[in-house]
Structures are given as structure tokens and as C-alpha cells.
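query-v2.csv (CSV, C-alpha atoms) appears below.
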```
chain,number,residue,atom,x,y,z
G,225,MET,CA,10.6,17.2,-26.1
G,226,GLY,CA,10.7,20.8,-24.9
G,227,MET,CA,11.6,22.0,-21.5
G,228,LYS,CA,8.0,22.8,-20.5
G,229,GLN,CA,6.9,19.2,-21.4
G,230,LYS,CA,9.8,17.7,-19.4
G,231,LEU,CA,8.8,19.9,-16.4
G,232,ASP,CA,5.1,18.9,-16.8
G,233,VAL,CA,6.1,15.2,-16.8
G,234,LEU,CA,8.2,15.7,-13.7
G,235,VAL,CA,5.4,17.4,-11.9
G,236,VAL,CA,2.9,14.7,-12.8
G,237,THR,CA,5.4,12.0,-11.7
G,238,LEU,CA,5.9,13.7,-8.3
G,239,ILE,CA,2.2,14.1,-7.8
G,240,ALA,CA,1.6,10.4,-8.7
G,241,THR,CA,4.4,9.3,-6.3
G,242,VAL,CA,3.0,11.3,-3.4
G,243,MET,CA,-0.5,9.9,-4.1
G,244,MET,CA,0.8,6.4,-4.2
G,245,VAL,CA,2.7,6.7,-0.9
G,246,VAL,CA,-0.4,8.3,0.8
G,247,LEU,CA,-2.7,5.6,-0.6
G,248,GLY,CA,-0.2,2.9,0.4
G,249,LEU,CA,-0.2,4.2,4.0
G,250,ILE,CA,-3.9,4.3,4.2
G,251,TYR,CA,-4.2,0.8,2.9
G,252,PHE,CA,-1.5,-0.4,5.3
G,253,VAL,CA,-3.4,1.1,8.3
G,254,LEU,CA,-6.7,-0.5,7.2
G,255,THR,CA,-4.9,-3.8,6.7
G,256,LEU,CA,-3.3,-3.5,10.1
G,257,LEU,CA,-6.8,-3.0,11.7
G,258,VAL,CA,-8.1,-6.1,9.9
G,259,VAL,CA,-5.2,-8.2,10.9
G,260,LYS,CA,-5.5,-7.1,14.6
G,261,ALA,CA,-9.3,-7.8,14.6
G,262,ALA,CA,-8.8,-11.2,13.0
G,263,ALA,CA,-6.1,-12.1,15.4
G,264,ASN,CA,-8.3,-11.1,18.4
G,265,ILE,CA,-11.2,-13.2,17.0
G,266,LEU,CA,-9.2,-16.3,16.2
G,267,PHE,CA,-6.6,-16.4,18.9
G,268,THR,CA,-6.9,-16.0,22.7
G,269,ASP,CA,-3.5,-14.3,23.1
G,270,GLU,CA,-2.9,-10.7,22.3
G,271,LEU,CA,-1.2,-10.0,18.9
G,272,SER,CA,2.3,-8.7,19.2
G,273,ALA,CA,2.8,-5.4,17.5
G,274,ASN,CA,5.9,-6.7,15.6
G,275,TRP,CA,3.9,-9.7,14.1
G,276,GLY,CA,0.9,-7.6,13.3
G,277,THR,CA,3.0,-5.0,11.5
G,278,LEU,CA,4.9,-7.6,9.6
G,279,ALA,CA,1.6,-9.3,8.5
G,280,ALA,CA,0.0,-6.0,7.4
G,281,ALA,CA,3.2,-5.0,5.5
G,282,LEU,CA,3.4,-8.3,3.7
G,283,VAL,CA,-0.3,-8.2,2.7
G,284,THR,CA,0.0,-4.5,1.6
G,285,GLY,CA,3.2,-5.1,-0.4
G,286,ALA,CA,1.6,-8.1,-2.1
G,287,VAL,CA,-1.5,-6.2,-3.1
G,288,ILE,CA,0.5,-3.2,-4.4
G,289,ILE,CA,2.8,-5.5,-6.5
G,290,ALA,CA,-0.1,-7.6,-7.8
G,291,GLY,CA,-1.9,-4.4,-8.8
G,292,ALA,CA,1.1,-3.1,-10.6
G,293,LEU,CA,1.5,-6.5,-12.5
G,294,GLU,CA,-2.1,-6.9,-13.4
G,295,LYS,CA,-2.7,-7.1,-17.1
G,296,LYS,CA,-4.9,-4.5,-18.6
G,297,LYS,CA,-7.9,-5.9,-20.5
G,298,ASP,CA,-8.9,-3.8,-23.5
```
Rewrite the coordinates I just gave you, this time as C-alpha cells.
Amino acid sequence: MGMKQKLDVLVVTLIATVMMVVLGLIYFVLTLLVVKAAANILFTDELSANWGTLAAALVTGAVIIAGALEKKKD
């Protein structure tokens, strides 16, 4: 593999990493809004920020890991 090919792979990897982080943050914020809305509908008490963030982080992490482990169908 030549130097240009290695540099191209590095650039593509960096772009993919940045996109994954940005999409993960967007998904986290959307999940946090859903968790907050569901907690307000189901429970009379206000949802604590710590518990809401933990719930959204667990759901987001599980979805990202499940997406990475999903078997591709040909």
C-alpha cells in the first residue's frame, strides 16, 4: 500500500469517526427528549436530570452497539 492510499484511508477513517460522533449526539438528544416526554406522561413527579441522562445514554449505547453487531444480509 502506497503512502497516498494510507493517507486516503486515514482521511476516510477520520471523517467516518466525526460523522459517527455527531450522529450519536443527535440520537442521544432525541432519545433524551423521548425519555423526558415519556416520564412526564407516565409519572407525576418531575424526572431528575441525572436519571434522564442515564436512561438516554443506556438506550443510545445499546442501539449503537446493536447496529454495529447486526449481521448483514446479502
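The two atoms in question, atom CA of G:Val242 and atom CA of G:Gly276, are spaced 25.3 Å apart.
With all atoms listed in the file as the basis for measurement, G:Val259 is the residue among G:Val287, G:Lys297, G:Asp232, G:Val259 that approaches G:Ala273 most closely.
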Task: Residue contacts of G:Leu282 (12 Å, all atoms listed in the file) excluding same-chain residues fewer than 6 positions away, as a PyMOL selection string - done: chain G and resi 251-252+255-256+259+275-276+288-289
Selected residues written out, C-alpha atoms, as an mmCIF file, keeping the file's coordinate frame:
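Output contents, as saved in again_21.cif:
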```cif
data_model
loop_
_atom_site.group_PDB
_atom_site.id
_atom_site.type_symbol
_atom_site.label_atom_id
_atom_site.label_comp_id
_atom_site.auth_asym_id
_atom_site.auth_seq_id
_atom_site.Cartn_x
_atom_site.Cartn_y
_atom_site.Cartn_z
ATOM 1 C CA TYR G 251 -4.200 0.800 2.900
ATOM 2 C CA PHE G 252 -1.500 -0.400 5.300
ATOM 3 C CA THR G 255 -4.900 -3.800 6.700
ATOM 4 C CA LEU G 256 -3.300 -3.500 10.100
ATOM 5 C CA VAL G 259 -5.200 -8.200 10.900
ATOM 6 C CA TRP G 275 3.900 -9.700 14.100
ATOM 7 C CA GLY G 276 0.900 -7.600 13.300
ATOM 8 C CA ILE G 288 0.500 -3.200 -4.400
ATOM 9 C CA ILE G 289 2.800 -5.500 -6.500
#
```
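Separating atom CA of G:Thr284 from atom CA of G:Gly248 is a distance of 7.5 Å.
What separates atom CA of G:Lys295 from atom CA of G:Thr277 is a distance of 29.2 Å.
Here the question is which of G:Leu293, G:Gly226, G:Val283, G:Val258 gets nearest to G:Leu271 using all atoms listed in the file, and that residue is G:Val258.
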Please write stretch 238-254 of chain G of the preceding block to a file containing N, CA and C atoms, as a PDB file, in the first residue's frame?
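Dumped to part.pdb:
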```pdb
ATOM      1  N   LEU G 238     -11.088   9.267   9.655  1.00  0.00           N
ATOM      2  CA  LEU G 238     -11.355  10.452  10.463  1.00  0.00           C
ATOM      3  C   LEU G 238     -12.735  11.038  10.161  1.00  0.00           C
ATOM      4  N   ILE G 239     -13.105  11.094   8.895  1.00  0.00           N
ATOM      5  CA  ILE G 239     -14.424  11.614   8.522  1.00  0.00           C
ATOM      6  C   ILE G 239     -15.523  10.712   9.074  1.00  0.00           C
ATOM      7  N   ALA G 240     -15.342   9.395   8.954  1.00  0.00           N
ATOM      8  CA  ALA G 240     -16.335   8.458   9.473  1.00  0.00           C
ATOM      9  C   ALA G 240     -16.463   8.573  10.992  1.00  0.00           C
ATOM     10  N   THR G 241     -15.364   8.770  11.685  1.00  0.00           N
ATOM     11  CA  THR G 241     -15.384   8.914  13.136  1.00  0.00           C
ATOM     12  C   THR G 241     -16.140  10.173  13.551  1.00  0.00           C
ATOM     13  N   VAL G 242     -15.863  11.280  12.894  1.00  0.00           N
ATOM     14  CA  VAL G 242     -16.548  12.535  13.211  1.00  0.00           C
ATOM     15  C   VAL G 242     -18.043  12.404  12.936  1.00  0.00           C
ATOM     16  N   MET G 243     -18.395  11.790  11.813  1.00  0.00           N
ATOM     17  CA  MET G 243     -19.812  11.603  11.490  1.00  0.00           C
ATOM     18  C   MET G 243     -20.498  10.714  12.512  1.00  0.00           C
ATOM     19  N   MET G 244     -19.815   9.670  12.970  1.00  0.00           N
ATOM     20  CA  MET G 244     -20.400   8.762  13.966  1.00  0.00           C
ATOM     21  C   MET G 244     -20.637   9.492  15.283  1.00  0.00           C
ATOM     22  N   VAL G 245     -19.712  10.322  15.699  1.00  0.00           N
ATOM     23  CA  VAL G 245     -19.871  11.072  16.943  1.00  0.00           C
ATOM     24  C   VAL G 245     -21.031  12.065  16.824  1.00  0.00           C
ATOM     25  N   VAL G 246     -21.108  12.781  15.704  1.00  0.00           N
ATOM     26  CA  VAL G 246     -22.178  13.759  15.507  1.00  0.00           C
ATOM     27  C   VAL G 246     -23.540  13.064  15.475  1.00  0.00           C
ATOM     28  N   LEU G 247     -23.645  11.971  14.735  1.00  0.00           N
ATOM     29  CA  LEU G 247     -24.909  11.244  14.668  1.00  0.00           C
ATOM     30  C   LEU G 247     -25.276  10.641  16.028  1.00  0.00           C
ATOM     31  N   GLY G 248     -24.282  10.180  16.778  1.00  0.00           N
ATOM     32  CA  GLY G 248     -24.533   9.659  18.119  1.00  0.00           C
ATOM     33  C   GLY G 248     -25.072  10.737  19.051  1.00  0.00           C
ATOM     34  N   LEU G 249     -24.523  11.949  18.953  1.00  0.00           N
ATOM     35  CA  LEU G 249     -25.011  13.055  19.779  1.00  0.00           C
ATOM     36  C   LEU G 249     -26.435  13.455  19.400  1.00  0.00           C
ATOM     37  N   ILE G 250     -26.706  13.481  18.102  1.00  0.00           N
ATOM     38  CA  ILE G 250     -28.072  13.805  17.659  1.00  0.00           C
ATOM     39  C   ILE G 250     -29.047  12.751  18.169  1.00  0.00           C
ATOM     40  N   TYR G 251     -28.674  11.484  18.041  1.00  0.00           N
ATOM     41  CA  TYR G 251     -29.548  10.414  18.510  1.00  0.00           C
ATOM     42  C   TYR G 251     -29.737  10.490  20.029  1.00  0.00           C
ATOM     43  N   PHE G 252     -28.675  10.830  20.747  1.00  0.00           N
ATOM     44  CA  PHE G 252     -28.758  10.962  22.205  1.00  0.00           C
ATOM     45  C   PHE G 252     -29.746  12.062  22.601  1.00  0.00           C
ATOM     46  N   VAL G 253     -29.674  13.209  21.938  1.00  0.00           N
ATOM     47  CA  VAL G 253     -30.573  14.322  22.262  1.00  0.00           C
ATOM     48  C   VAL G 253     -32.022  13.935  21.969  1.00  0.00           C
ATOM     49  N   LEU G 254     -32.252  13.287  20.831  1.00  0.00           N
ATOM     50  CA  LEU G 254     -33.617  12.855  20.511  1.00  0.00           C
ATOM     51  C   LEU G 254     -34.121  11.827  21.520  1.00  0.00           C
TER      52      LEU G 254
END
```
